[in-house]
Amino acid sequence: MRIARIGRVAIPVCFLAVFFGWPLEAIFAHSLRPGAIADVVTDPALRRVAWFTLWQAVVSTSATLAVGLPAAYVVARYDFPGRRLFRAFVTVPFVLPTVVVATAFLALLQPGGPMAFLHWRTGVGPLLIAHVFFNVAVVVRTVGGFWANLDPRREEAARMLGASRARAFLGVTLPLLAPSIIAAASIVFLFTFTSFGIALLLAGPAHATIEVEIYRQAFDFFDLRTAAALALLQIVAVLAVVFTLGKAQERRGIAQRLVGAVDSARRPRGREKLLVGAVIGATSLFLGAPLAVLIWRSLHIGRHWSLGSYRALGSSASATTLFVSPWAAVRNSIEFAVIATAIALFVGGLASVAIAARPGRATRTMDAFLMLPLGTSAVTVGFGFLLASEHVPRSVANSWLLVPIAHAVVAIPFVVRAVVPVLRSIDPRLRDAATMLGAAPRRVWREVDLPIVTRAFAVAAGFCAAVSLGEFGATLFISRPEWPTVPIAISRFLGKVGQIYFDQALAMSVILMLLTAGAVFAIERVRVRDLGEF
Amino acid sequence: MLTVERAVVEFGARRALDLVDLTLNSGETVAVLGPSGSGKTTLLRAVAGLQRLDAGRVTWNGDDLVRVAPHERHFGLMFQEYALFPHRDVAGNVGFGLRMTATDRAARDLRVDEVLELVGLAGLRARRVATLSGGEQQRVALARALAVSPRLLMLDEPLGALDRVWRRRLLTEIRSILDEAALAALYVTHDHEEAFAIAHRVAIMRDGHVVQVGAPADVWRAPADAWTATFLGFGPIVAAEVRDGRVETPWGPIERHADAVPGAVEAVLRPDAARLDDAGRTAATVTRSVFTGTRVELTVVADAGPPLTVVVAPRAAPAAGARVRISIDPDALLVYPRRAD
């Protein structure tokens, strides 16, 4: 028993120390070389990059709130036909790989697309819109989930005390919602601040986020010192933001009674029907159009229906672009996803049991430590792997196994976030009840804990697979040309000039979307409790 | 026979059980009665083995249970709010203990049906427990505890979450099920009416101590101290003086038996102490009359002394404002030596 307990703590800690701590250390080592940080801070071009990263994140976050809050309100307060479907649909963009989102917007805006007349192609506009598209789910699920559990009688009480409808909303509901809005905004801000895939593919060469700049410095200019300094500054900035927002949330976190399982939603009446219809229609159009166009264009060559883009994936021409056949990339992605999921479930599962078993200072520290990869961007992880691999034998540094391991590092926080609350929520009296009915301790775990946790693990597994399938930033640094994943393959196709390559990128994106949807389908089946839990 | 001897359980500096002694004879039901935080549930968990004793011991027929793991004690425990397994249906819950004892499937099914029949839930085997009403969940919990034929059944506030009608019905049913099985039971509750109705003997707990053990009628007739009397709903409580075989109360002198020790006392009125009596020596005014169906509770303000409650039949109830005379039953006036504080 004692050995098992030590293992539960030691295995996750060692895993992350080697595959997260060490890469991070490598970044520190490089960035702390004399002059590295000073050069970055004084370089006007890099200061522009930092400024752009910040303001695009602020604008993206505000716009996401503006689009997401009405949908959150409608989902939380009104019961309408297809409400569950709408909730599920809103979540779709969030679990889509960033590369797919970028390709979908390119399909919309590039010549031949329905919105090509805007002549936007790439730039700040597409970047911001894609960020909103990607992150609306965070607002709808986090704020909407919270809003639905907020007792509407409180607002009614305010009305009875003489407050107007607007006053009751501003004075009662909004302050109560504030913690969830802040939580959603922080998550969106962090995602957009560390945006890589979308920024790289959509913002165009003139606009780089810090993430993109790290990649360029490392790969285009081979300036590891500058890249490392940027990565360090980014980590510091992210930690500062996480800390500040965490404090704000703490201060705002008024303990309150939620309605719980009782659904407070009701059918819309009269003019409300118009409102509900408009919000659902607009949101669905905004979220549906890019995906519909992506699928539609992947099935067309020129103006005609055709499976040509998919067939071209098997041709030798596309194999030379990738060094291997695109179908090999699909196989790589699936294999990596399976391995990454297995690692993440094993390591994250052990950690979850340890964290849930003994609430206390030590496990809280461990919890925080496990969350670090969440606050670190994928590019940082990948770049850290690259730097750390200088110090290991070539056979290890070149191993394909590093790709699923990096994916697992990114996915472990999701596993812990999904499993710990479930483990904690198991009523200890259920275990006592099983004991009193004659179950020995091991049997109690098998009969009570395991069946309940299995559901949480299923959710986590779906999420891990989705994360791994769509992972782009870290993979770009680690993967070798001989074994590309689907997102890497798509980005290579997009980097080539020529309609035929773009068509193949579309086809690959649809395939990746279907793969991810397949993995995530399991999540909606067993019901994601709340995306706001991380 | 179960005995608890000088049992101590400490939570940090606080003693949840402080030298508790208790015996439970075969076939007997003892109610553990006390306010929340008095240590009732801790006592139950200590007997079950779910809570380790810091001192003292628990024995069954003379055998010390310290080294016997809770799952090997063959005690049944019905939890407050039931703790049904949410991932199993009714039959899965009720048959759980039988599965642990590796009873074969056919015998298990038979027994599950039998117990469900006993608690009046025949035909609900395949229902999910989340879809059951509170009363049904309570019965499933009871059936689950009974299915393995435990040698002792413990019930922790089993009726706490139910409404009045269900409480009364289930109380009678539990009593008859216990009788039928001749099962020894430990019944924890904070409600003295429930305790009196179900138990052969009542053990009253306060701050980790057992302050009184006795048959319901005896406890009602003579609570051990003023605290116990007020906990049972007696009152008002007044300062009084015993002199010359009489109790000098604010309402006037009341005759007492010879056993009353002279000196300063606390006097507590049992709810049935005050009566309307034309020959009574206390004059009073009815200030409020509360109709509760089978009876009327009058609040009566005596010309001297604090207000009293008098219970009368609806037919005989005077209206608010009426002048009445009341007498106080000497046997229902309980006196306790006044504490130093």
# chains A, B, ... in the order shown; residues from 1 in each chain; ligands from 1
call {"tool": "interface_residues", "arguments": {"of": "chain B", "to": "chain A", "cutoff": "6 Å", "atoms": "only C-alpha atoms", "output": "PyMOL selection string"}}
result
chain B and resi 71+83+97+100
call {"tool": "select_by_dssp", "arguments": {"residues": "segment 135-269 of chain B", "states": "alpha helix (DSSP H)", "output": "PyMOL selection string"}}
result
chain B and resi 135-147+164-181+192-198+216-221+226-231
call {"tool": "atom_distance", "arguments": {"atom1": "atom CA of Ala279 of chain B", "atom2": "atom CA of Ala317 of chain B"}}
result
17.1 Å
call {"tool": "closest_residue", "arguments": {"among": "A:Val101, A:Phe191, A:Asp503, A:Glu155", "to": "Trp296 of chain A", "atoms": "only C-alpha atoms"}}
result
A:Asp503
call {"tool": "closest_atom_pairs", "arguments": {"of": "segment 98-198 of chain B", "to": "segment 213-223 of chain B", "cutoff": "10 Å", "atoms": "only C-alpha atoms", "output": "Markdown table"}}
result
| residue | atom | partner | partner_atom | distance |
| --- | --- | --- | --- | --- |
| B:His192 | CA | B:Pro216 | CA | 9.1 |
| B:Glu193 | CA | B:Pro216 | CA | 9.5 |
| B:Ala195 | CA | B:Pro216 | CA | 8.0 |
| B:Phe196 | CA | B:Pro216 | CA | 5.2 |
| B:Ala197 | CA | B:Pro216 | CA | 8.3 |
| B:Ile198 | CA | B:Pro216 | CA | 9.5 |
call {"tool": "residues_around", "arguments": {"residues": "segment 465-474 of chain A", "least_positions_apart": "3", "cutoff": "9 Å", "atoms": "only C-alpha atoms", "output": "MDAnalysis selection string"}}
result
chainID A and resid 95:100 196:197 211 215 333:334 336:338 340:341 377:383 385 403:404 406:408 410:411 460:462 477:479 485:488 512:513 515:520
call {"tool": "residues_around", "arguments": {"residues": "Ser186 of chain A", "least_positions_apart": "5", "cutoff": "10 Å", "atoms": "only C-alpha atoms", "output": "list in words"}}
result
Thr61, Ser180, Ile181, Phe191, Thr192, Val241, Val242, Thr244, Leu245, Gly246 and Gln249 of chain A
call {"tool": "closest_residue", "arguments": {"among": "A:Ala157, A:Leu476, A:Val132, A:Leu106", "to": "Ala66 of chain A", "atoms": "only C-alpha atoms"}}
result
A:Val132
call {"tool": "residues_around", "arguments": {"residues": "Gly49 of chain B", "least_positions_apart": "6", "cutoff": "12 Å", "atoms": "only C-alpha atoms", "output": "VMD selection string"}}
result
(chain A and resid 432 to 433 435 to 436) or (chain B and resid 9 42 to 43 57 to 59 64 to 77)
call {"tool": "closest_residue", "arguments": {"among": "A:Ile210, A:Ile295, A:Ile198, A:Leu65", "to": "Leu232 of chain A", "atoms": "only C-alpha atoms"}}
result
A:Ile210
call {"tool": "residues_around", "arguments": {"residues": "Pro236 of chain B", "least_positions_apart": "4", "cutoff": "12 Å", "atoms": "only C-alpha atoms", "output": "ChimeraX atom specification"}}
result
/B:226-227,229-232,249-251,266-274,299,305-310,333-334
call {"tool": "write_last_selection", "arguments": {"atoms": "C-alpha atoms", "output": "mmCIF file, in the first residue's frame"}}
result
data_model
loop_
_atom_site.group_PDB
_atom_site.id
_atom_site.type_symbol
_atom_site.label_atom_id
_atom_site.label_comp_id
_atom_site.auth_asym_id
_atom_site.auth_seq_id
_atom_site.Cartn_x
_atom_site.Cartn_y
_atom_site.Cartn_z
ATOM 1 C CA ALA B 226 -32.764 20.148 33.724
ATOM 2 C CA TRP B 227 -30.904 20.102 30.380
ATOM 3 C CA ALA B 229 -35.871 18.003 30.479
ATOM 4 C CA THR B 230 -35.615 21.078 28.239
ATOM 5 C CA PHE B 231 -34.190 18.957 25.407
ATOM 6 C CA LEU B 232 -37.347 16.836 25.635
ATOM 7 C CA THR B 249 -42.685 28.670 42.547
ATOM 8 C CA PRO B 250 -43.498 32.009 40.911
ATOM 9 C CA TRP B 251 -46.994 30.594 40.399
ATOM 10 C CA GLU B 266 -34.552 24.671 39.240
ATOM 11 C CA ALA B 267 -38.138 23.692 38.553
ATOM 12 C CA VAL B 268 -39.180 22.456 35.111
ATOM 13 C CA LEU B 269 -42.776 21.882 34.046
ATOM 14 C CA ARG B 270 -43.606 18.820 31.987
ATOM 15 C CA PRO B 271 -45.861 19.756 29.027
ATOM 16 C CA ASP B 272 -48.816 18.064 30.732
ATOM 17 C CA ALA B 273 -48.221 19.778 34.098
ATOM 18 C CA ALA B 274 -50.602 22.725 33.863
ATOM 19 C CA THR B 299 -50.707 30.349 26.174
ATOM 20 C CA GLY B 305 -44.864 34.080 37.152
ATOM 21 C CA PRO B 306 -43.909 33.406 33.531
ATOM 22 C CA PRO B 307 -46.467 32.325 30.896
ATOM 23 C CA LEU B 308 -47.499 28.661 30.791
ATOM 24 C CA THR B 309 -48.711 26.362 28.054
ATOM 25 C CA VAL B 310 -51.904 24.420 28.676
ATOM 26 C CA LEU B 333 -43.178 19.521 38.324
ATOM 27 C CA LEU B 334 -39.576 18.359 38.169
#
call {"tool": "closest_residue", "arguments": {"among": "A:Ile187, A:Ile214, A:Ala368, A:Leu423", "to": "Ala57 of chain A", "atoms": "only C-alpha atoms"}}
result
A:Ile187
call {"tool": "select_by_dssp", "arguments": {"residues": "segment 26-257 of chain B", "states": "strand (DSSP E)", "output": "VMD selection string"}}
result
chain B and resid 29 to 33 55 to 60 63 to 64 75 to 78 152 to 156 184 to 189 201 to 206 209 to 214 237 to 243 246 to 249 252 to 255
call {"tool": "residues_around", "arguments": {"residues": "Gly208 of chain B", "least_positions_apart": "5", "cutoff": "9 Å", "atoms": "only C-alpha atoms", "output": "ChimeraX atom specification"}}
result
/B:8-9,15-20,37-40,42-43
